[in-house]
file entry_16.txt (compact mmCIF, C-alpha atoms)
# COMPACT_ATOMS: atom_id res chain seq x y z
CA MET A 980 107.70 72.82 153.69
CA THR A 981 109.68 74.41 156.48
CA SER A 982 108.43 77.51 158.25
CA GLY A 983 110.97 79.58 156.33
CA GLU A 984 109.79 78.17 153.01
CA GLN A 985 106.16 78.80 153.93
CA LYS A 986 106.97 82.40 154.84
CA GLN A 987 108.84 83.00 151.58
CA ALA A 988 105.96 81.56 149.53
CA MET A 989 103.57 83.83 151.39
CA ARG A 990 105.82 86.85 150.83
CA ASP A 991 105.77 86.18 147.09
CA LYS A 992 101.98 85.93 147.15
CA MET A 993 101.56 89.11 149.20
CA ARG A 994 103.86 91.12 146.94
CA VAL A 995 101.64 90.22 143.97
CA ARG A 996 98.52 91.13 145.98
CA LEU A 997 100.02 94.46 147.05
CA ARG A 998 101.04 95.40 143.51
CA ALA A 999 97.48 94.77 142.34
CA PHE A 1000 96.02 96.75 145.25
CA CYS A 1001 98.31 99.72 144.63
CA ALA A 1002 97.47 99.70 140.91
CA GLU A 1003 93.70 99.44 141.33
CA SER A 1004 92.80 101.09 144.65
CA ASP A 1005 92.77 104.48 146.36
CA VAL A 1006 96.09 104.06 148.16
CA PRO A 1007 96.24 107.58 149.68
CA GLY A 1008 92.66 107.25 150.89
CA SER A 1009 93.35 103.86 152.43
CA SER A 1010 96.40 105.22 154.25
CA LEU A 1011 94.36 108.20 155.46
CA ALA A 1012 91.64 105.98 156.89
CA ALA A 1013 94.20 103.84 158.70
CA ARG A 1014 95.88 106.95 160.13
CA ARG A 1015 92.52 108.20 161.39
CA ALA A 1016 92.02 104.89 163.17
CA VAL A 1017 95.37 105.32 164.91
CA LEU A 1018 94.76 108.95 165.84
CA GLY A 1019 91.40 108.07 167.37
CA SER A 1020 92.78 105.20 169.43
CA GLU A 1021 93.47 105.01 173.13
CA ALA A 1022 96.94 103.72 172.33
CA PHE A 1023 97.80 106.97 170.53
CA ARG A 1024 96.20 109.23 173.12
CA CYS A 1025 98.09 107.58 175.98
CA ALA A 1026 101.48 107.30 174.26
CA ASP A 1027 104.45 109.37 175.38
CA ILE A 1028 106.51 108.15 172.42
CA VAL A 1029 105.24 107.21 168.94
CA LEU A 1030 107.57 105.16 166.76
CA GLY A 1031 106.70 104.88 163.08
CA TYR A 1032 108.50 104.52 159.77
CA LEU A 1033 109.16 106.37 156.52
CA PHE A 1034 106.93 104.55 154.06
CA HIS A 1035 108.51 103.05 150.96
CA GLY A 1036 106.93 101.68 147.81
CA ASP A 1037 103.84 99.62 148.63
CA GLU A 1038 103.66 100.43 152.36
CA ALA A 1039 100.81 102.32 154.01
CA ASP A 1040 101.85 105.88 154.86
CA CYS A 1041 101.88 106.67 158.60
CA THR A 1042 103.78 109.97 158.31
CA ASP A 1043 100.93 112.18 159.48
CA VAL A 1044 100.62 110.19 162.71
CA LEU A 1045 104.19 111.20 163.54
CA TYR A 1046 103.51 114.82 162.66
CA ARG A 1047 100.45 114.94 164.89
CA ALA A 1048 102.33 113.23 167.69
CA LEU A 1049 104.84 116.08 167.58
CA LEU A 1050 102.01 118.63 167.60
CA ARG A 1051 100.75 117.00 170.81
CA GLU A 1052 104.23 117.27 172.34
CA LYS A 1053 104.87 113.55 172.18
CA ALA A 1054 108.23 112.20 171.05
CA ALA A 1055 108.20 110.68 167.57
CA GLY A 1056 110.85 108.50 165.97
CA VAL A 1057 111.68 106.59 162.79
CA PRO A 1058 114.20 103.81 162.13
CA ARG A 1059 117.71 103.86 160.71
CA VAL A 1060 119.43 100.62 159.73
CA LEU A 1061 122.91 100.03 161.15
CA PRO A 1062 125.07 98.95 158.18
CA HIS A 1063 126.43 95.39 158.20
CA THR A 1064 124.82 94.55 161.57
CA GLY A 1065 121.26 93.40 160.84
CA ASP A 1066 120.05 95.86 163.47
CA MET A 1067 118.42 99.27 163.52
CA ASP A 1068 117.93 102.17 165.89
CA PHE A 1069 115.21 104.80 166.10
CA TYR A 1070 115.96 108.50 165.89
CA LEU A 1071 113.68 111.17 167.34
CA LEU A 1072 112.29 113.77 164.95
CA ASP A 1073 112.71 117.46 165.75
CA GLY A 1074 109.34 119.20 165.84
CA THR A 1075 110.94 122.58 165.09
CA LEU A 1076 112.33 121.48 161.71
CA PRO A 1077 110.62 120.44 158.44
CA PHE A 1078 110.41 116.67 158.09
CA GLY A 1079 112.19 116.80 154.75
CA ASP A 1080 115.28 118.32 156.32
CA GLN A 1081 115.61 115.40 158.71
CA ILE A 1082 115.85 112.51 156.26
CA GLU A 1083 118.28 111.13 153.73
CA ARG A 1084 118.55 108.17 151.39
CA GLY A 1085 119.75 105.23 153.44
CA ALA A 1086 120.21 101.49 153.34
CA PHE A 1087 118.34 99.55 150.63
CA GLY A 1088 117.41 102.89 148.99
CA ILE A 1089 114.91 103.63 151.77
CA SER A 1090 114.68 107.05 153.39
CA GLU A 1091 116.07 107.22 156.91
CA PRO A 1092 116.55 109.88 159.59
CA VAL A 1093 119.82 111.77 159.51
CA PRO A 1094 122.21 110.49 162.21
CA SER A 1095 122.56 113.96 163.74
CA LEU A 1096 119.11 113.57 165.32
CA GLU A 1097 118.81 112.28 168.87
CA LYS A 1098 118.87 108.49 169.04
CA LEU A 1099 116.25 106.79 171.18
CA ALA A 1100 118.15 105.24 174.08
CA VAL A 1101 116.94 101.69 174.66
CA SER A 1102 117.33 101.50 178.42
CA PRO A 1103 115.31 100.67 181.56
CA ALA A 1104 114.23 104.33 181.62
CA LEU A 1105 111.78 103.46 178.84
CA ALA A 1106 109.73 101.50 181.37
CA GLN A 1107 108.50 104.88 182.61
CA LYS A 1108 107.27 105.87 179.13
CA ARG A 1109 104.31 104.55 177.17
CA ILE A 1110 105.40 103.70 173.63
CA LEU A 1111 103.19 103.14 170.59
CA MET A 1112 105.12 101.46 167.78
CA LEU A 1113 103.60 101.38 164.28
CA VAL A 1114 105.03 98.34 162.52
CA PRO A 1115 104.96 97.75 158.74
CA GLY A 1116 104.80 94.32 157.20
CA LEU A 1117 103.63 92.31 154.22
CA ALA A 1118 100.73 90.61 156.01
CA PHE A 1119 98.95 90.55 159.36
CA THR A 1120 96.18 88.56 161.00
CA HIS A 1121 93.49 90.08 163.19
CA SER A 1122 95.03 88.18 166.10
CA GLY A 1123 98.32 90.05 165.63
CA LYS A 1124 100.56 87.68 163.69
CA ARG A 1125 102.88 89.50 161.32
CA LEU A 1126 104.78 88.57 158.17
CA GLY A 1127 107.74 90.89 157.63
CA ARG A 1128 109.98 91.21 154.60
CA GLY A 1129 112.51 88.71 155.90
CA GLY A 1130 115.25 90.90 157.35
CA GLY A 1131 114.26 90.47 160.99
CA PHE A 1132 115.02 94.12 161.82
CA TYR A 1133 111.77 94.77 163.68
CA ASP A 1134 111.79 91.50 165.59
CA ARG A 1135 115.29 92.19 166.87
CA PHE A 1136 114.54 95.80 167.83
CA ILE A 1137 111.32 94.81 169.59
CA ALA A 1138 113.26 92.15 171.51
CA ARG A 1139 115.71 94.88 172.63
CA LEU A 1140 112.83 97.08 173.81
CA ARG A 1141 111.31 94.28 175.82
CA ALA A 1142 114.64 93.24 177.29
CA ALA A 1143 114.96 96.82 178.56
CA GLY A 1144 111.53 96.58 180.18
CA ALA A 1145 109.89 99.07 177.81
CA ASP A 1146 106.14 99.59 178.07
CA VAL A 1147 105.41 99.20 174.36
CA THR A 1148 102.21 98.64 172.39
CA LEU A 1149 102.90 97.05 169.00
CA ALA A 1150 100.54 98.16 166.23
CA GLY A 1151 100.51 96.67 162.77
CA PHE A 1152 99.75 99.35 160.16
CA CYS A 1153 98.65 98.18 156.73
CA PHE A 1154 96.18 98.14 153.85
CA PRO A 1155 93.02 96.00 154.09
CA CYS A 1156 94.35 93.59 151.45
CA GLN A 1157 97.19 92.67 153.82
CA ILE A 1158 94.89 91.05 156.39
CA VAL A 1159 95.00 87.26 156.05
CA ASP A 1160 93.57 84.32 157.96
CA ASP A 1161 96.86 82.86 159.19
CA ILE A 1162 100.62 83.35 158.97
CA PRO A 1163 103.37 80.80 159.70
CA THR A 1164 105.38 82.03 162.68
CA ASP A 1165 108.42 81.15 164.75
CA THR A 1166 109.06 81.77 168.43
CA HIS A 1167 111.12 84.91 167.73
CA ASP A 1168 108.35 86.57 165.68
CA ALA A 1169 106.79 89.51 167.52
CA VAL A 1170 103.01 89.50 167.84
CA MET A 1171 101.12 92.76 167.43
CA ASP A 1172 98.80 94.09 170.13
CA ILE A 1173 96.71 96.03 167.61
CA VAL A 1174 96.34 95.99 163.83
CA PHE A 1175 95.15 99.18 162.11
CA THR A 1176 93.74 99.20 158.57
CA ALA A 1177 91.34 101.37 156.59
CA GLU A 1178 88.41 98.98 156.78
CA SER A 1179 88.52 97.29 160.14
CA LEU A 1180 88.45 98.39 163.74
CA PRO A 1181 91.64 97.88 165.75
CA SER A 1182 91.78 94.84 168.00
CA THR A 1183 90.93 95.18 171.67
CA GLY A 1184 94.50 94.73 172.85
CA GLU A 1185 94.04 91.18 174.12
CA ASN A 1186 97.61 90.22 173.14
CA ARG A 1187 99.01 92.99 175.33
CA ALA A 1188 96.73 92.09 178.24
CA ASN A 1189 97.73 88.46 178.08
CA ARG A 1190 101.43 89.31 178.15
CA GLN A 1191 100.95 91.58 181.15
CA ASN A 1192 98.61 89.09 183.50
CA THR A 1193 93.95 118.41 160.24
CA PRO A 1194 96.52 121.06 160.20
CA SER A 1195 98.46 120.51 156.99
CA SER A 1196 100.92 117.67 157.21
CA PRO A 1197 104.47 117.80 155.80
CA GLN A 1198 104.12 114.26 154.47
CA ASP A 1199 103.70 115.40 150.84
CA ARG A 1200 106.94 117.38 151.00
CA LEU A 1201 108.60 114.36 152.60
CA GLY A 1202 107.34 112.08 149.86
CA GLN A 1203 108.61 114.44 147.16
CA LYS A 1204 112.08 114.51 148.67
CA ARG A 1205 112.16 110.73 149.00
CA ARG A 1206 111.28 110.26 145.36

call {"tool": "encode", "arguments": {"input": "entry_16.txt", "output": "C-alpha cells"}}
result
Amino acid sequence: MTSGEQKQAMRDKMRVRLRAFCAESDVPGSSLAARRAVLGSEAFRCADIVLGYLFHGDEADCTDVLYRALLREKAAGVPRVLPHTGDMDFYLLDGTLPFGDQIERGAFGISEPVPSLEKLAVSPALAQKRILMLVPGLAFTHSGKRLGRGGGFYDRFIARLRAAGADVTLAGFCFPCQIVDDIPTDTHDAVMDIVFTAESLPSTGENRANRQNTPSSPQDRLGQKRR
C-alpha cells in the first residue's frame, strides 16, 4: 500500500473508534481534562498568541483555552478556510464581544470566524511573538506524528508560519482514544511538539528542541449557536 492508502485506511479506522468513544464516554469531561493540561502548561503560560479551532462533531473542544487566553490579554485566533484555494487563515477573536457573535457557518458546514475580525498577518514580525497552536486531528502518536482528515489545511498553514520565521509550538489536542503507536507520514506532514489529552501528560517538547539545535466560559453559548 502507498502512504496515501495507508493513511486513508487509518482514517477509516479512527472514525469508527471516535464514534464509539463519543457514544460511550464522557466527552465533555475528556475535553475538560485536556484543556486543563493545556492551561497548566509552560507553552500556554509563555504564549503571546494562542491559535485554536472551533470544534466540530467528534473533535475535542478547546474553546475555553481561547477564552482564558483572552482573559490573560493574549491574542487568540481560529481558522477560516479560503474557498477554492485549499488554504486557510486565522482570525483574531475580540475579547470585548461574545464568542457567538464572532462566528458563522462556513466551509464544509463548520463554524468559522466572521471575516470582519482582524486577520493574523503571517509575516516575519511573528518571529517576535511566541505562538501556541492547538491542532486537531484524527490520530496522534506520543512522539508528535499526526493524522489529519486529508485536506492538508494545517500542514500548509504551518509551512507558511515557519517560512515567515514564526516562533510556534505545535500542540496536538485530542481524546485519549486518538493516541496510537504509529502513523504513516510524508515529508510535508507537520510534527507536533506537544500532544495534550485527558489521560496523559504532555510531551517534554523534544521535537521543538531538536528543530531549534474558572470564570464561566462562553463555549456553551458558542456550541448552541453552531448547532

call {"tool": "axis_aligned_box", "arguments": {"input": "entry_16.txt", "around": "stretch 1117-1129 of chain A", "padding_each_side": "8 Å", "output": "lines of an AutoDock Vina configuration file"}}
result
center_x = 103.0
center_y = 90.0
center_z = 160.2
size_x = 35.0
size_y = 20.6
size_z = 27.9

call {"tool": "residues_around", "arguments": {"input": "entry_16.txt", "residues": "A:Tyr1070", "least_positions_apart": "2", "cutoff": "7 Å", "atoms": "only C-alpha atoms", "output": "ChimeraX atom specification"}}
result
/A:1056-1058,1068,1072,1092,1096-1099

call {"tool": "closest_residue", "arguments": {"input": "entry_16.txt", "among": "A:Leu1113, A:Val1044, A:Ala1143, A:Ala1002", "to": "A:Arg1015", "atoms": "only C-alpha atoms"}}
result
A:Val1044

call {"tool": "closest_residue", "arguments": {"input": "entry_16.txt", "among": "A:Gly1131, A:Gly1151, A:Met993, A:Met1112", "to": "A:Gly1031", "atoms": "only C-alpha atoms"}}
result
A:Met1112

call {"tool": "atom_distance", "arguments": {"input": "entry_16.txt", "atom1": "atom CA of A:Thr1176", "atom2": "atom CA of A:Gly1088"}}
result
25.8 Å

call {"tool": "atom_distance", "arguments": {"input": "entry_16.txt", "atom1": "atom CA of A:Lys986", "atom2": "atom CA of A:Phe1152"}}
result
19.2 Å

call {"tool": "atom_distance", "arguments": {"input": "entry_16.txt", "atom1": "atom CA of A:Met989", "atom2": "atom CA of A:Arg1084"}}
result
28.6 Å

call {"tool": "decode", "arguments": {"input": "entry_16.txt", "residues": "stretch 1046-1076 of chain A", "atoms": "N, CA, C and O atoms", "output": "compact mmCIF listing (two decimals), in the first residue's frame"}}
result
# COMPACT_ATOMS: atom_id res chain seq x y z
N TYR A 1046 -10.79 31.33 25.35
CA TYR A 1046 -11.42 32.30 26.24
C TYR A 1046 -10.45 32.74 27.33
O TYR A 1046 -10.30 33.93 27.62
N ARG A 1047 -9.77 31.79 27.93
CA ARG A 1047 -8.85 32.12 29.02
C ARG A 1047 -7.59 32.82 28.50
O ARG A 1047 -6.98 33.61 29.22
N ALA A 1048 -7.22 32.54 27.28
CA ALA A 1048 -6.12 33.29 26.68
C ALA A 1048 -6.50 34.77 26.58
O ALA A 1048 -5.69 35.65 26.90
N LEU A 1049 -7.72 35.04 26.15
CA LEU A 1049 -8.18 36.43 26.05
C LEU A 1049 -8.22 37.09 27.43
O LEU A 1049 -7.86 38.26 27.59
N LEU A 1050 -8.65 36.34 28.45
CA LEU A 1050 -8.69 36.89 29.80
C LEU A 1050 -7.29 37.29 30.28
O LEU A 1050 -7.15 38.23 31.06
N ARG A 1051 -6.28 36.57 29.81
CA ARG A 1051 -4.90 36.86 30.18
C ARG A 1051 -4.23 37.84 29.22
O ARG A 1051 -3.01 37.96 29.20
N GLU A 1052 -5.04 38.48 28.41
CA GLU A 1052 -4.57 39.50 27.47
C GLU A 1052 -3.60 38.95 26.42
O GLU A 1052 -2.72 39.65 25.94
N LYS A 1053 -3.79 37.69 26.09
CA LYS A 1053 -3.10 37.11 24.95
C LYS A 1053 -3.99 37.26 23.72
O LYS A 1053 -5.21 37.42 23.84
N ALA A 1054 -3.41 37.22 22.55
CA ALA A 1054 -4.21 37.16 21.32
C ALA A 1054 -4.67 35.71 21.13
O ALA A 1054 -3.95 34.77 21.46
N ALA A 1055 -5.88 35.54 20.58
CA ALA A 1055 -6.43 34.21 20.35
C ALA A 1055 -7.10 34.19 18.99
O ALA A 1055 -7.86 35.10 18.66
N GLY A 1056 -6.83 33.15 18.21
CA GLY A 1056 -7.38 33.09 16.87
C GLY A 1056 -7.88 31.72 16.49
O GLY A 1056 -7.47 30.70 17.06
N VAL A 1057 -8.78 31.69 15.51
CA VAL A 1057 -9.36 30.45 14.98
C VAL A 1057 -9.35 30.52 13.45
O VAL A 1057 -9.31 31.60 12.87
N PRO A 1058 -9.39 29.36 12.78
CA PRO A 1058 -9.20 29.34 11.33
C PRO A 1058 -10.46 29.57 10.51
O PRO A 1058 -11.57 29.25 10.93
N ARG A 1059 -10.23 30.12 9.32
CA ARG A 1059 -11.27 30.28 8.32
C ARG A 1059 -10.71 29.80 6.98
O ARG A 1059 -9.65 30.25 6.54
N VAL A 1060 -11.42 28.86 6.36
CA VAL A 1060 -10.98 28.30 5.08
C VAL A 1060 -11.20 29.31 3.96
O VAL A 1060 -12.23 29.98 3.91
N LEU A 1061 -10.21 29.42 3.08
CA LEU A 1061 -10.33 30.28 1.90
C LEU A 1061 -10.94 29.46 0.78
O LEU A 1061 -10.33 28.49 0.31
N PRO A 1062 -12.15 29.79 0.32
CA PRO A 1062 -12.85 28.96 -0.66
C PRO A 1062 -12.03 28.74 -1.94
O PRO A 1062 -11.38 29.65 -2.44
N HIS A 1063 -12.04 27.50 -2.40
CA HIS A 1063 -11.46 27.12 -3.69
C HIS A 1063 -9.93 27.30 -3.74
O HIS A 1063 -9.36 27.35 -4.83
N THR A 1064 -9.28 27.37 -2.59
CA THR A 1064 -7.83 27.56 -2.58
C THR A 1064 -7.08 26.43 -1.90
O THR A 1064 -5.90 26.23 -2.16
N GLY A 1065 -7.74 25.69 -1.01
CA GLY A 1065 -7.04 24.68 -0.22
C GLY A 1065 -6.24 25.27 0.92
O GLY A 1065 -5.47 24.56 1.56
N ASP A 1066 -6.42 26.56 1.18
CA ASP A 1066 -5.69 27.23 2.25
C ASP A 1066 -6.65 27.77 3.30
O ASP A 1066 -7.86 27.79 3.11
N MET A 1067 -6.08 28.24 4.40
CA MET A 1067 -6.88 28.88 5.44
C MET A 1067 -6.06 29.98 6.09
O MET A 1067 -4.84 29.99 6.02
N ASP A 1068 -6.75 30.90 6.72
CA ASP A 1068 -6.14 31.95 7.52
C ASP A 1068 -6.73 31.89 8.92
O ASP A 1068 -7.79 31.29 9.14
N PHE A 1069 -6.04 32.52 9.87
CA PHE A 1069 -6.56 32.62 11.23
C PHE A 1069 -7.00 34.05 11.49
O PHE A 1069 -6.33 35.01 11.09
N TYR A 1070 -8.14 34.16 12.17
CA TYR A 1070 -8.68 35.46 12.53
C TYR A 1070 -8.68 35.60 14.05
O TYR A 1070 -8.98 34.63 14.78
N LEU A 1071 -8.35 36.80 14.53
CA LEU A 1071 -8.18 37.03 15.96
C LEU A 1071 -9.51 37.40 16.61
O LEU A 1071 -10.21 38.30 16.15
N LEU A 1072 -9.85 36.69 17.66
CA LEU A 1072 -11.10 36.94 18.37
C LEU A 1072 -11.02 38.25 19.15
O LEU A 1072 -9.95 38.65 19.62
N ASP A 1073 -12.18 38.88 19.30
CA ASP A 1073 -12.28 40.15 20.01
C ASP A 1073 -12.76 39.87 21.43
O ASP A 1073 -13.88 39.42 21.64
N GLY A 1074 -11.89 40.13 22.41
CA GLY A 1074 -12.22 39.82 23.79
C GLY A 1074 -13.34 40.66 24.37
O GLY A 1074 -13.86 40.35 25.44
N THR A 1075 -13.77 41.70 23.67
CA THR A 1075 -14.85 42.56 24.18
C THR A 1075 -16.22 42.11 23.69
O THR A 1075 -17.24 42.66 24.12
N LEU A 1076 -16.26 41.11 22.80
CA LEU A 1076 -17.53 40.65 22.23
C LEU A 1076 -17.79 39.20 22.62
O LEU A 1076 -16.85 38.42 22.82
